[in-house]
$ cat data-v3.cif   # mmCIF, N, CA and C atoms
data_target
#
loop_
_atom_site.group_PDB
_atom_site.id
_atom_site.type_symbol
_atom_site.label_atom_id
_atom_site.label_comp_id
_atom_site.auth_asym_id
_atom_site.auth_seq_id
_atom_site.Cartn_x
_atom_site.Cartn_y
_atom_site.Cartn_z
ATOM 1 N N MET A 1148 15.093 -2.880 -48.557
ATOM 2 C CA MET A 1148 14.924 -1.459 -48.406
ATOM 3 C C MET A 1148 13.915 -0.964 -49.442
ATOM 4 N N PRO A 1149 12.876 -0.349 -48.987
ATOM 5 C CA PRO A 1149 11.836 0.114 -49.907
ATOM 6 C C PRO A 1149 12.333 1.182 -50.888
ATOM 7 N N ARG A 1150 11.911 1.024 -52.134
ATOM 8 C CA ARG A 1150 12.327 1.928 -53.207
ATOM 9 C C ARG A 1150 12.087 3.400 -52.826
ATOM 10 N N LYS A 1151 10.920 3.701 -52.339
ATOM 11 C CA LYS A 1151 10.550 5.091 -52.049
ATOM 12 C C LYS A 1151 11.476 5.719 -51.002
ATOM 13 N N ILE A 1152 11.773 4.964 -49.970
ATOM 14 C CA ILE A 1152 12.622 5.495 -48.888
ATOM 15 C C ILE A 1152 14.060 5.679 -49.364
ATOM 16 N N VAL A 1153 14.588 4.685 -50.065
ATOM 17 C CA VAL A 1153 15.973 4.770 -50.551
ATOM 18 C C VAL A 1153 16.094 5.899 -51.577
ATOM 19 N N THR A 1154 15.129 5.976 -52.476
ATOM 20 C CA THR A 1154 15.160 7.030 -53.502
ATOM 21 C C THR A 1154 15.139 8.409 -52.864
ATOM 22 N N GLY A 1155 14.280 8.602 -51.897
ATOM 23 C CA GLY A 1155 14.209 9.894 -51.213
ATOM 24 C C GLY A 1155 15.507 10.256 -50.519
ATOM 25 N N ALA A 1156 16.089 9.295 -49.822
ATOM 26 C CA ALA A 1156 17.335 9.550 -49.089
ATOM 27 C C ALA A 1156 18.482 9.874 -50.042
ATOM 28 N N VAL A 1157 18.604 9.109 -51.113
ATOM 29 C CA VAL A 1157 19.699 9.336 -52.071
ATOM 30 C C VAL A 1157 19.483 10.657 -52.811
ATOM 31 N N ASN A 1158 18.254 10.956 -53.166
ATOM 32 C CA ASN A 1158 17.988 12.225 -53.860
ATOM 33 C C ASN A 1158 18.320 13.423 -52.983
ATOM 34 N N ARG A 1159 18.085 13.318 -51.680
ATOM 35 C CA ARG A 1159 18.472 14.409 -50.768
ATOM 36 C C ARG A 1159 19.990 14.581 -50.762
ATOM 37 N N LEU A 1160 20.719 13.462 -50.812
ATOM 38 C CA LEU A 1160 22.179 13.546 -50.880
ATOM 39 C C LEU A 1160 22.618 14.173 -52.209
ATOM 40 N N LYS A 1161 21.965 13.783 -53.289
ATOM 41 C CA LYS A 1161 22.340 14.273 -54.620
ATOM 42 C C LYS A 1161 22.088 15.774 -54.772
ATOM 43 N N GLU A 1162 21.129 16.309 -54.021
ATOM 44 C CA GLU A 1162 20.830 17.745 -54.084
ATOM 45 C C GLU A 1162 22.038 18.596 -53.705
ATOM 46 N N ARG A 1163 22.923 18.036 -52.914
ATOM 47 C CA ARG A 1163 24.131 18.770 -52.517
ATOM 48 C C ARG A 1163 25.148 18.844 -53.648
ATOM 49 N N GLY A 1164 24.952 18.012 -54.677
ATOM 50 C CA GLY A 1164 25.844 18.055 -55.829
ATOM 51 C C GLY A 1164 26.864 16.935 -55.896
ATOM 52 N N LYS A 1165 27.103 16.269 -54.776
ATOM 53 C CA LYS A 1165 28.088 15.191 -54.770
ATOM 54 C C LYS A 1165 27.742 14.200 -53.671
ATOM 55 N N VAL A 1166 27.910 12.928 -53.989
ATOM 56 C CA VAL A 1166 27.703 11.861 -53.004
ATOM 57 C C VAL A 1166 29.008 11.089 -52.926
ATOM 58 N N ASP A 1167 29.464 10.815 -51.708
ATOM 59 C CA ASP A 1167 30.685 10.031 -51.558
ATOM 60 C C ASP A 1167 30.468 8.924 -50.531
ATOM 61 N N PHE A 1168 31.488 8.120 -50.322
ATOM 62 C CA PHE A 1168 31.335 6.968 -49.446
ATOM 63 C C PHE A 1168 30.984 7.331 -48.005
ATOM 64 N N PRO A 1169 31.535 8.395 -47.413
ATOM 65 C CA PRO A 1169 31.084 8.729 -46.053
ATOM 66 C C PRO A 1169 29.570 8.972 -45.979
ATOM 67 N N ASP A 1170 29.005 9.570 -47.029
ATOM 68 C CA ASP A 1170 27.552 9.761 -47.074
ATOM 69 C C ASP A 1170 26.839 8.413 -47.065
ATOM 70 N N LEU A 1171 27.338 7.486 -47.871
ATOM 71 C CA LEU A 1171 26.713 6.174 -47.958
ATOM 72 C C LEU A 1171 26.870 5.390 -46.656
ATOM 73 N N TYR A 1172 27.997 5.552 -45.970
ATOM 74 C CA TYR A 1172 28.175 4.866 -44.691
ATOM 75 C C TYR A 1172 27.211 5.405 -43.634
ATOM 76 N N ARG A 1173 26.945 6.707 -43.652
ATOM 77 C CA ARG A 1173 25.951 7.269 -42.726
ATOM 78 C C ARG A 1173 24.556 6.732 -43.063
ATOM 79 N N LEU A 1174 24.269 6.652 -44.348
ATOM 80 C CA LEU A 1174 22.973 6.152 -44.790
ATOM 81 C C LEU A 1174 22.775 4.680 -44.430
ATOM 82 N N LYS A 1175 23.815 3.885 -44.573
ATOM 83 C CA LYS A 1175 23.699 2.462 -44.217
ATOM 84 C C LYS A 1175 23.467 2.293 -42.722
ATOM 85 N N ASP A 1176 24.034 3.188 -41.924
ATOM 86 C CA ASP A 1176 23.769 3.146 -40.489
ATOM 87 C C ASP A 1176 22.314 3.516 -40.202
ATOM 88 N N ASP A 1177 21.790 4.505 -40.922
ATOM 89 C CA ASP A 1177 20.388 4.899 -40.749
ATOM 90 C C ASP A 1177 19.452 3.750 -41.084
ATOM 91 N N PHE A 1178 19.766 3.025 -42.145
ATOM 92 C CA PHE A 1178 18.930 1.906 -42.585
ATOM 93 C C PHE A 1178 19.250 0.599 -41.856
ATOM 94 N N GLU A 1179 20.340 0.597 -41.102
ATOM 95 C CA GLU A 1179 20.782 -0.583 -40.360
ATOM 96 C C GLU A 1179 20.995 -1.782 -41.285
ATOM 97 N N VAL A 1180 21.752 -1.526 -42.360
ATOM 98 C CA VAL A 1180 22.108 -2.573 -43.324
ATOM 99 C C VAL A 1180 23.616 -2.500 -43.563
ATOM 100 N N SER A 1181 24.147 -3.474 -44.291
ATOM 101 C CA SER A 1181 25.569 -3.446 -44.632
ATOM 102 C C SER A 1181 25.794 -2.464 -45.788
ATOM 103 N N ILE A 1182 27.026 -2.028 -45.931
ATOM 104 C CA ILE A 1182 27.352 -1.127 -47.040
ATOM 105 C C ILE A 1182 27.151 -1.842 -48.370
ATOM 106 N N SER A 1183 27.406 -3.138 -48.407
ATOM 107 C CA SER A 1183 27.197 -3.911 -49.637
ATOM 108 C C SER A 1183 25.726 -3.929 -50.026
ATOM 109 N N ALA A 1184 24.861 -4.148 -49.054
ATOM 110 C CA ALA A 1184 23.427 -4.172 -49.338
ATOM 111 C C ALA A 1184 22.956 -2.810 -49.841
ATOM 112 N N LEU A 1185 23.438 -1.747 -49.212
ATOM 113 C CA LEU A 1185 23.033 -0.403 -49.622
ATOM 114 C C LEU A 1185 23.537 -0.078 -51.025
ATOM 115 N N THR A 1186 24.808 -0.328 -51.293
ATOM 116 C CA THR A 1186 25.334 0.008 -52.620
ATOM 117 C C THR A 1186 24.675 -0.830 -53.708
ATOM 118 N N ASN A 1187 24.403 -2.086 -53.417
ATOM 119 C CA ASN A 1187 23.698 -2.916 -54.399
ATOM 120 C C ASN A 1187 22.310 -2.355 -54.675
ATOM 121 N N ARG A 1188 21.611 -1.931 -53.638
ATOM 122 C CA ARG A 1188 20.247 -1.426 -53.812
ATOM 123 C C ARG A 1188 20.229 -0.110 -54.590
ATOM 124 N N VAL A 1189 21.124 0.822 -54.269
ATOM 125 C CA VAL A 1189 21.105 2.102 -54.992
ATOM 126 C C VAL A 1189 21.495 1.911 -56.455
ATOM 127 N N GLN A 1190 22.370 0.963 -56.727
ATOM 128 C CA GLN A 1190 22.717 0.677 -58.117
ATOM 129 C C GLN A 1190 21.573 -0.035 -58.830
ATOM 130 N N GLN A 1191 20.920 -0.952 -58.132
ATOM 131 C CA GLN A 1191 19.774 -1.664 -58.704
ATOM 132 C C GLN A 1191 18.667 -0.686 -59.085
ATOM 133 N N LEU A 1192 18.475 0.337 -58.274
ATOM 134 C CA LEU A 1192 17.450 1.345 -58.544
ATOM 135 C C LEU A 1192 17.916 2.389 -59.553
ATOM 136 N N GLY A 1193 19.188 2.341 -59.923
ATOM 137 C CA GLY A 1193 19.719 3.294 -60.890
ATOM 138 C C GLY A 1193 19.931 4.679 -60.320
ATOM 139 N N LEU A 1194 20.080 4.768 -59.003
ATOM 140 C CA LEU A 1194 20.231 6.072 -58.352
ATOM 141 C C LEU A 1194 21.672 6.571 -58.380
ATOM 142 N N LEU A 1195 22.614 5.658 -58.272
ATOM 143 C CA LEU A 1195 24.042 5.977 -58.289
ATOM 144 C C LEU A 1195 24.756 4.873 -59.054
ATOM 145 N N TYR A 1196 25.983 5.162 -59.444
ATOM 146 C CA TYR A 1196 26.826 4.162 -60.083
ATOM 147 C C TYR A 1196 28.129 4.138 -59.314
ATOM 148 N N ILE A 1197 28.548 2.962 -58.898
ATOM 149 C CA ILE A 1197 29.763 2.832 -58.090
ATOM 150 C C ILE A 1197 30.735 1.940 -58.839
ATOM 151 N N ALA A 1198 31.930 2.478 -59.099
ATOM 152 C CA ALA A 1198 32.968 1.733 -59.813
ATOM 153 C C ALA A 1198 34.332 2.246 -59.380
ATOM 154 N N ASN A 1199 35.285 1.349 -59.332
ATOM 155 C CA ASN A 1199 36.666 1.717 -58.989
ATOM 156 C C ASN A 1199 36.739 2.501 -57.682
ATOM 157 N N GLN A 1200 35.946 2.082 -56.720
ATOM 158 C CA GLN A 1200 35.906 2.687 -55.390
ATOM 159 C C GLN A 1200 35.540 4.166 -55.425
ATOM 160 N N LYS A 1201 34.715 4.553 -56.413
ATOM 161 C CA LYS A 1201 34.218 5.923 -56.506
ATOM 162 C C LYS A 1201 32.714 5.892 -56.711
ATOM 163 N N VAL A 1202 32.070 6.943 -56.251
ATOM 164 C CA VAL A 1202 30.625 7.070 -56.400
ATOM 165 C C VAL A 1202 30.351 8.119 -57.467
ATOM 166 N N TYR A 1203 29.569 7.735 -58.469
ATOM 167 C CA TYR A 1203 29.191 8.640 -59.554
ATOM 168 C C TYR A 1203 27.679 8.838 -59.517
ATOM 169 N N MET A 1204 27.226 9.978 -60.008
ATOM 170 C CA MET A 1204 25.796 10.264 -60.050
ATOM 171 C C MET A 1204 25.078 9.367 -61.057
ATOM 172 N N SER A 1205 25.805 8.891 -62.070
ATOM 173 C CA SER A 1205 25.211 8.011 -63.078
ATOM 174 C C SER A 1205 26.312 7.222 -63.762
ATOM 175 N N GLN A 1206 25.911 6.196 -64.494
ATOM 176 C CA GLN A 1206 26.881 5.418 -65.254
ATOM 177 C C GLN A 1206 27.484 6.271 -66.366
ATOM 178 N N ALA A 1207 26.682 7.133 -66.957
ATOM 179 C CA ALA A 1207 27.174 8.012 -68.015
ATOM 180 C C ALA A 1207 28.285 8.928 -67.505
ATOM 181 N N GLU A 1208 28.123 9.426 -66.288
ATOM 182 C CA GLU A 1208 29.167 10.260 -65.686
ATOM 183 C C GLU A 1208 30.454 9.452 -65.506
ATOM 184 N N ALA A 1209 30.324 8.231 -65.043
ATOM 185 C CA ALA A 1209 31.498 7.377 -64.828
ATOM 186 C C ALA A 1209 32.208 7.095 -66.137
ATOM 187 N N ILE A 1210 31.448 6.777 -67.159
ATOM 188 C CA ILE A 1210 32.055 6.476 -68.471
ATOM 189 C C ILE A 1210 32.742 7.709 -69.030
ATOM 190 N N GLY A 1211 32.123 8.854 -68.856
ATOM 191 C CA GLY A 1211 32.736 10.097 -69.308
ATOM 192 C C GLY A 1211 34.037 10.391 -68.593
ATOM 193 N N GLN A 1212 34.054 10.162 -67.284
ATOM 194 C CA GLN A 1212 35.263 10.378 -66.517
ATOM 195 C C GLN A 1212 36.356 9.407 -66.928
ATOM 196 N N MET A 1213 35.997 8.149 -67.136
ATOM 197 C CA MET A 1213 36.986 7.142 -67.494
ATOM 198 C C MET A 1213 37.585 7.405 -68.869
ATOM 199 N N SER A 1214 36.791 7.943 -69.771
ATOM 200 C CA SER A 1214 37.298 8.175 -71.128
ATOM 201 C C SER A 1214 38.273 9.339 -71.181
ATOM 202 N N LEU A 1215 38.325 10.148 -70.144
ATOM 203 C CA LEU A 1215 39.274 11.260 -70.090
ATOM 204 C C LEU A 1215 40.698 10.776 -69.828
ATOM 205 N N PHE A 1216 40.827 9.589 -69.281
ATOM 206 C CA PHE A 1216 42.159 9.109 -68.875
ATOM 207 C C PHE A 1216 42.618 7.983 -69.735
#
$ encode --input "data-v3.cif" --output "structure tokens"
Amino acid sequence: MPRKIVTGAVNRLKERGKVDFPDLYRLKDDFEVSISALTNRVQQLGLLYIANQKVYMSQAEAIGQMSLF
């Protein structure tokens, strides 16, 4: 998946303020790839951080959330 296309698609999702798994499943259908391939690519590009079955806007956000509990 080309960096420019994935970045544009994810940034459009991020403009809404929150990205969740249903968004990513729609995106994987658009790109005709597996959810694993899509999540690996967005994490590789540093666009999202996925941990504990949750989608975070960044790793810093995830760490901040985890430290609250």
$ select_by_dssp --input "data-v3.cif" --residues "chain A" --states "helix (DSSP H, G or I)" --output "ChimeraX atom specification"
/A:1150-1161,1168-1178,1182-1191,1206-1214
$ atom_distance --input "data-v3.cif" --atom1 "atom C of Ala1207 in chain A" --atom2 "atom C of Ile1152 in chain A"
23.3 Å
$ atom_distance --input "data-v3.cif" --atom1 "CA of Ala1209 in chain A" --atom2 "CA of Leu1195 in chain A"
10.0 Å
$ resolve_selection --input "data-v3.cif" --expression "the PyMOL selection byres (((chain A and resi 1175 and name CA) around 12) and name CA)" --output "PyMOL selection string"
chain A and resi 1148+1153+1156-1157+1168-1174+1176-1189
$ atom_distance --input "data-v3.cif" --atom1 "atom C of Val1166 in chain A" --atom2 "atom N of Tyr1203 in chain A"
6.5 Å
$ residues_near_point --input "data-v3.cif" --point "(22.8, 10.6, -60.2)" --cutoff "10 Å" --atoms "only C-alpha atoms" --output "MDAnalysis selection string"
chainID A and resid 1157:1158 1160:1162 1164:1166 1193:1196 1202:1208
$ decode --input "data-v3.cif" --residues "range 1182-1198 of chain A" --atoms "all heavy atoms" --output "PDB file, in the first residue's frame"
ATOM      1  N   ILE A1182      -7.000  -7.105   7.310  1.00  0.00           N
ATOM      2  CA  ILE A1182      -6.919  -6.145   8.414  1.00  0.00           C
ATOM      3  C   ILE A1182      -5.520  -6.157   9.015  1.00  0.00           C
ATOM      4  O   ILE A1182      -5.009  -5.108   9.430  1.00  0.00           O
ATOM      5  CB  ILE A1182      -8.011  -6.405   9.482  1.00  0.00           C
ATOM      6  CG1 ILE A1182      -8.103  -5.244  10.477  1.00  0.00           C
ATOM      7  CG2 ILE A1182      -7.790  -7.722  10.194  1.00  0.00           C
ATOM      8  CD1 ILE A1182      -8.577  -3.947   9.904  1.00  0.00           C
ATOM      9  N   SER A1183      -4.873  -7.309   9.025  1.00  0.00           N
ATOM     10  CA  SER A1183      -3.504  -7.399   9.546  1.00  0.00           C
ATOM     11  C   SER A1183      -2.544  -6.574   8.702  1.00  0.00           C
ATOM     12  O   SER A1183      -1.698  -5.847   9.234  1.00  0.00           O
ATOM     13  CB  SER A1183      -3.026  -8.843   9.586  1.00  0.00           C
ATOM     14  OG  SER A1183      -3.809  -9.591  10.467  1.00  0.00           O
ATOM     15  N   ALA A1184      -2.670  -6.679   7.392  1.00  0.00           N
ATOM     16  CA  ALA A1184      -1.795  -5.915   6.506  1.00  0.00           C
ATOM     17  C   ALA A1184      -2.014  -4.416   6.696  1.00  0.00           C
ATOM     18  O   ALA A1184      -1.057  -3.638   6.757  1.00  0.00           O
ATOM     19  CB  ALA A1184      -2.039  -6.305   5.055  1.00  0.00           C
ATOM     20  N   LEU A1185      -3.271  -4.011   6.814  1.00  0.00           N
ATOM     21  CA  LEU A1185      -3.574  -2.592   6.990  1.00  0.00           C
ATOM     22  C   LEU A1185      -3.049  -2.077   8.327  1.00  0.00           C
ATOM     23  O   LEU A1185      -2.397  -1.026   8.379  1.00  0.00           O
ATOM     24  CB  LEU A1185      -5.077  -2.338   6.891  1.00  0.00           C
ATOM     25  CG  LEU A1185      -5.485  -0.885   7.098  1.00  0.00           C
ATOM     26  CD1 LEU A1185      -4.920   0.008   6.001  1.00  0.00           C
ATOM     27  CD2 LEU A1185      -6.983  -0.758   7.179  1.00  0.00           C
ATOM     28  N   THR A1186      -3.320  -2.790   9.407  1.00  0.00           N
ATOM     29  CA  THR A1186      -2.863  -2.304  10.713  1.00  0.00           C
ATOM     30  C   THR A1186      -1.342  -2.281  10.797  1.00  0.00           C
ATOM     31  O   THR A1186      -0.773  -1.354  11.381  1.00  0.00           O
ATOM     32  CB  THR A1186      -3.458  -3.131  11.872  1.00  0.00           C
ATOM     33  OG1 THR A1186      -3.136  -4.516  11.702  1.00  0.00           O
ATOM     34  CG2 THR A1186      -4.973  -2.953  11.952  1.00  0.00           C
ATOM     35  N   ASN A1187      -0.693  -3.266  10.209  1.00  0.00           N
ATOM     36  CA  ASN A1187       0.773  -3.251  10.191  1.00  0.00           C
ATOM     37  C   ASN A1187       1.287  -2.040   9.425  1.00  0.00           C
ATOM     38  O   ASN A1187       2.241  -1.383   9.851  1.00  0.00           O
ATOM     39  CB  ASN A1187       1.334  -4.533   9.586  1.00  0.00           C
ATOM     40  CG  ASN A1187       1.205  -5.713  10.506  1.00  0.00           C
ATOM     41  OD1 ASN A1187       1.149  -5.567  11.725  1.00  0.00           O
ATOM     42  ND2 ASN A1187       1.147  -6.898   9.933  1.00  0.00           N
ATOM     43  N   ARG A1188       0.673  -1.730   8.299  1.00  0.00           N
ATOM     44  CA  ARG A1188       1.138  -0.612   7.476  1.00  0.00           C
ATOM     45  C   ARG A1188       0.919   0.731   8.175  1.00  0.00           C
ATOM     46  O   ARG A1188       1.811   1.583   8.183  1.00  0.00           O
ATOM     47  CB  ARG A1188       0.419  -0.624   6.121  1.00  0.00           C
ATOM     48  CG  ARG A1188       0.896   0.438   5.156  1.00  0.00           C
ATOM     49  CD  ARG A1188       2.338   0.242   4.783  1.00  0.00           C
ATOM     50  NE  ARG A1188       2.703   1.139   3.687  1.00  0.00           N
ATOM     51  CZ  ARG A1188       3.903   1.676   3.543  1.00  0.00           C
ATOM     52  NH1 ARG A1188       4.872   1.380   4.373  1.00  0.00           N
ATOM     53  NH2 ARG A1188       4.142   2.474   2.540  1.00  0.00           N
ATOM     54  N   VAL A1189      -0.249   0.941   8.779  1.00  0.00           N
ATOM     55  CA  VAL A1189      -0.485   2.236   9.435  1.00  0.00           C
ATOM     56  C   VAL A1189       0.429   2.410  10.645  1.00  0.00           C
ATOM     57  O   VAL A1189       0.870   3.527  10.931  1.00  0.00           O
ATOM     58  CB  VAL A1189      -1.967   2.472   9.805  1.00  0.00           C
ATOM     59  CG1 VAL A1189      -2.833   2.511   8.569  1.00  0.00           C
ATOM     60  CG2 VAL A1189      -2.483   1.458  10.790  1.00  0.00           C
ATOM     61  N   GLN A1190       0.745   1.325  11.324  1.00  0.00           N
ATOM     62  CA  GLN A1190       1.683   1.419  12.440  1.00  0.00           C
ATOM     63  C   GLN A1190       3.107   1.642  11.939  1.00  0.00           C
ATOM     64  O   GLN A1190       3.860   2.419  12.514  1.00  0.00           O
ATOM     65  CB  GLN A1190       1.608   0.188  13.334  1.00  0.00           C
ATOM     66  CG  GLN A1190       0.315   0.135  14.124  1.00  0.00           C
ATOM     67  CD  GLN A1190       0.324  -0.936  15.183  1.00  0.00           C
ATOM     68  OE1 GLN A1190       0.441  -0.628  16.352  1.00  0.00           O
ATOM     69  NE2 GLN A1190       0.209  -2.190  14.771  1.00  0.00           N
ATOM     70  N   GLN A1191       3.465   0.971  10.857  1.00  0.00           N
ATOM     71  CA  GLN A1191       4.794   1.145  10.263  1.00  0.00           C
ATOM     72  C   GLN A1191       5.008   2.594   9.840  1.00  0.00           C
ATOM     73  O   GLN A1191       6.095   3.146  10.003  1.00  0.00           O
ATOM     74  CB  GLN A1191       4.931   0.221   9.053  1.00  0.00           C
ATOM     75  CG  GLN A1191       6.224   0.375   8.285  1.00  0.00           C
ATOM     76  CD  GLN A1191       6.196  -0.392   6.972  1.00  0.00           C
ATOM     77  OE1 GLN A1191       5.156  -0.462   6.313  1.00  0.00           O
ATOM     78  NE2 GLN A1191       7.320  -0.965   6.618  1.00  0.00           N
ATOM     79  N   LEU A1192       3.966   3.225   9.332  1.00  0.00           N
ATOM     80  CA  LEU A1192       4.051   4.621   8.902  1.00  0.00           C
ATOM     81  C   LEU A1192       3.917   5.594  10.069  1.00  0.00           C
ATOM     82  O   LEU A1192       4.078   6.798   9.894  1.00  0.00           O
ATOM     83  CB  LEU A1192       2.975   4.914   7.851  1.00  0.00           C
ATOM     84  CG  LEU A1192       3.130   4.180   6.521  1.00  0.00           C
ATOM     85  CD1 LEU A1192       1.910   4.405   5.632  1.00  0.00           C
ATOM     86  CD2 LEU A1192       4.407   4.595   5.815  1.00  0.00           C
ATOM     87  N   GLY A1193       3.599   5.079  11.248  1.00  0.00           N
ATOM     88  CA  GLY A1193       3.458   5.933  12.421  1.00  0.00           C
ATOM     89  C   GLY A1193       2.182   6.746  12.426  1.00  0.00           C
ATOM     90  O   GLY A1193       2.091   7.779  13.095  1.00  0.00           O
ATOM     91  N   LEU A1194       1.174   6.283  11.696  1.00  0.00           N
ATOM     92  CA  LEU A1194      -0.081   7.032  11.591  1.00  0.00           C
ATOM     93  C   LEU A1194      -1.021   6.756  12.759  1.00  0.00           C
ATOM     94  O   LEU A1194      -1.765   7.628  13.181  1.00  0.00           O
ATOM     95  CB  LEU A1194      -0.781   6.688  10.276  1.00  0.00           C
ATOM     96  CG  LEU A1194       0.012   7.001   9.010  1.00  0.00           C
ATOM     97  CD1 LEU A1194      -0.692   6.423   7.789  1.00  0.00           C
ATOM     98  CD2 LEU A1194       0.214   8.495   8.886  1.00  0.00           C
ATOM     99  N   LEU A1195      -1.012   5.533  13.247  1.00  0.00           N
ATOM    100  CA  LEU A1195      -1.850   5.115  14.371  1.00  0.00           C
ATOM    101  C   LEU A1195      -1.037   4.154  15.226  1.00  0.00           C
ATOM    102  O   LEU A1195      -0.040   3.602  14.773  1.00  0.00           O
ATOM    103  CB  LEU A1195      -3.111   4.401  13.883  1.00  0.00           C
ATOM    104  CG  LEU A1195      -4.106   5.194  13.050  1.00  0.00           C
ATOM    105  CD1 LEU A1195      -5.161   4.263  12.478  1.00  0.00           C
ATOM    106  CD2 LEU A1195      -4.748   6.300  13.862  1.00  0.00           C
ATOM    107  N   TYR A1196      -1.513   3.938  16.437  1.00  0.00           N
ATOM    108  CA  TYR A1196      -0.904   2.955  17.322  1.00  0.00           C
ATOM    109  C   TYR A1196      -2.018   2.045  17.789  1.00  0.00           C
ATOM    110  O   TYR A1196      -3.056   2.514  18.263  1.00  0.00           O
ATOM    111  CB  TYR A1196      -0.225   3.654  18.504  1.00  0.00           C
ATOM    112  CG  TYR A1196       0.481   2.699  19.431  1.00  0.00           C
ATOM    113  CD1 TYR A1196       1.695   2.136  19.074  1.00  0.00           C
ATOM    114  CD2 TYR A1196      -0.071   2.368  20.657  1.00  0.00           C
ATOM    115  CE1 TYR A1196       2.349   1.262  19.919  1.00  0.00           C
ATOM    116  CE2 TYR A1196       0.577   1.493  21.507  1.00  0.00           C
ATOM    117  CZ  TYR A1196       1.785   0.945  21.132  1.00  0.00           C
ATOM    118  OH  TYR A1196       2.436   0.069  21.974  1.00  0.00           O
ATOM    119  N   ILE A1197      -1.822   0.750  17.646  1.00  0.00           N
ATOM    120  CA  ILE A1197      -2.859  -0.218  18.005  1.00  0.00           C
ATOM    121  C   ILE A1197      -2.299  -1.137  19.074  1.00  0.00           C
ATOM    122  O   ILE A1197      -1.258  -1.773  18.888  1.00  0.00           O
ATOM    123  CB  ILE A1197      -3.305  -1.011  16.771  1.00  0.00           C
ATOM    124  CG1 ILE A1197      -3.858  -0.029  15.722  1.00  0.00           C
ATOM    125  CG2 ILE A1197      -4.345  -2.063  17.152  1.00  0.00           C
ATOM    126  CD1 ILE A1197      -4.059  -0.621  14.371  1.00  0.00           C
ATOM    127  N   ALA A1198      -2.991  -1.182  20.216  1.00  0.00           N
ATOM    128  CA  ALA A1198      -2.568  -2.027  21.336  1.00  0.00           C
ATOM    129  C   ALA A1198      -3.791  -2.417  22.150  1.00  0.00           C
ATOM    130  O   ALA A1198      -4.736  -1.638  22.284  1.00  0.00           O
ATOM    131  CB  ALA A1198      -1.579  -1.285  22.215  1.00  0.00           C
TER     132      ALA A1198
END
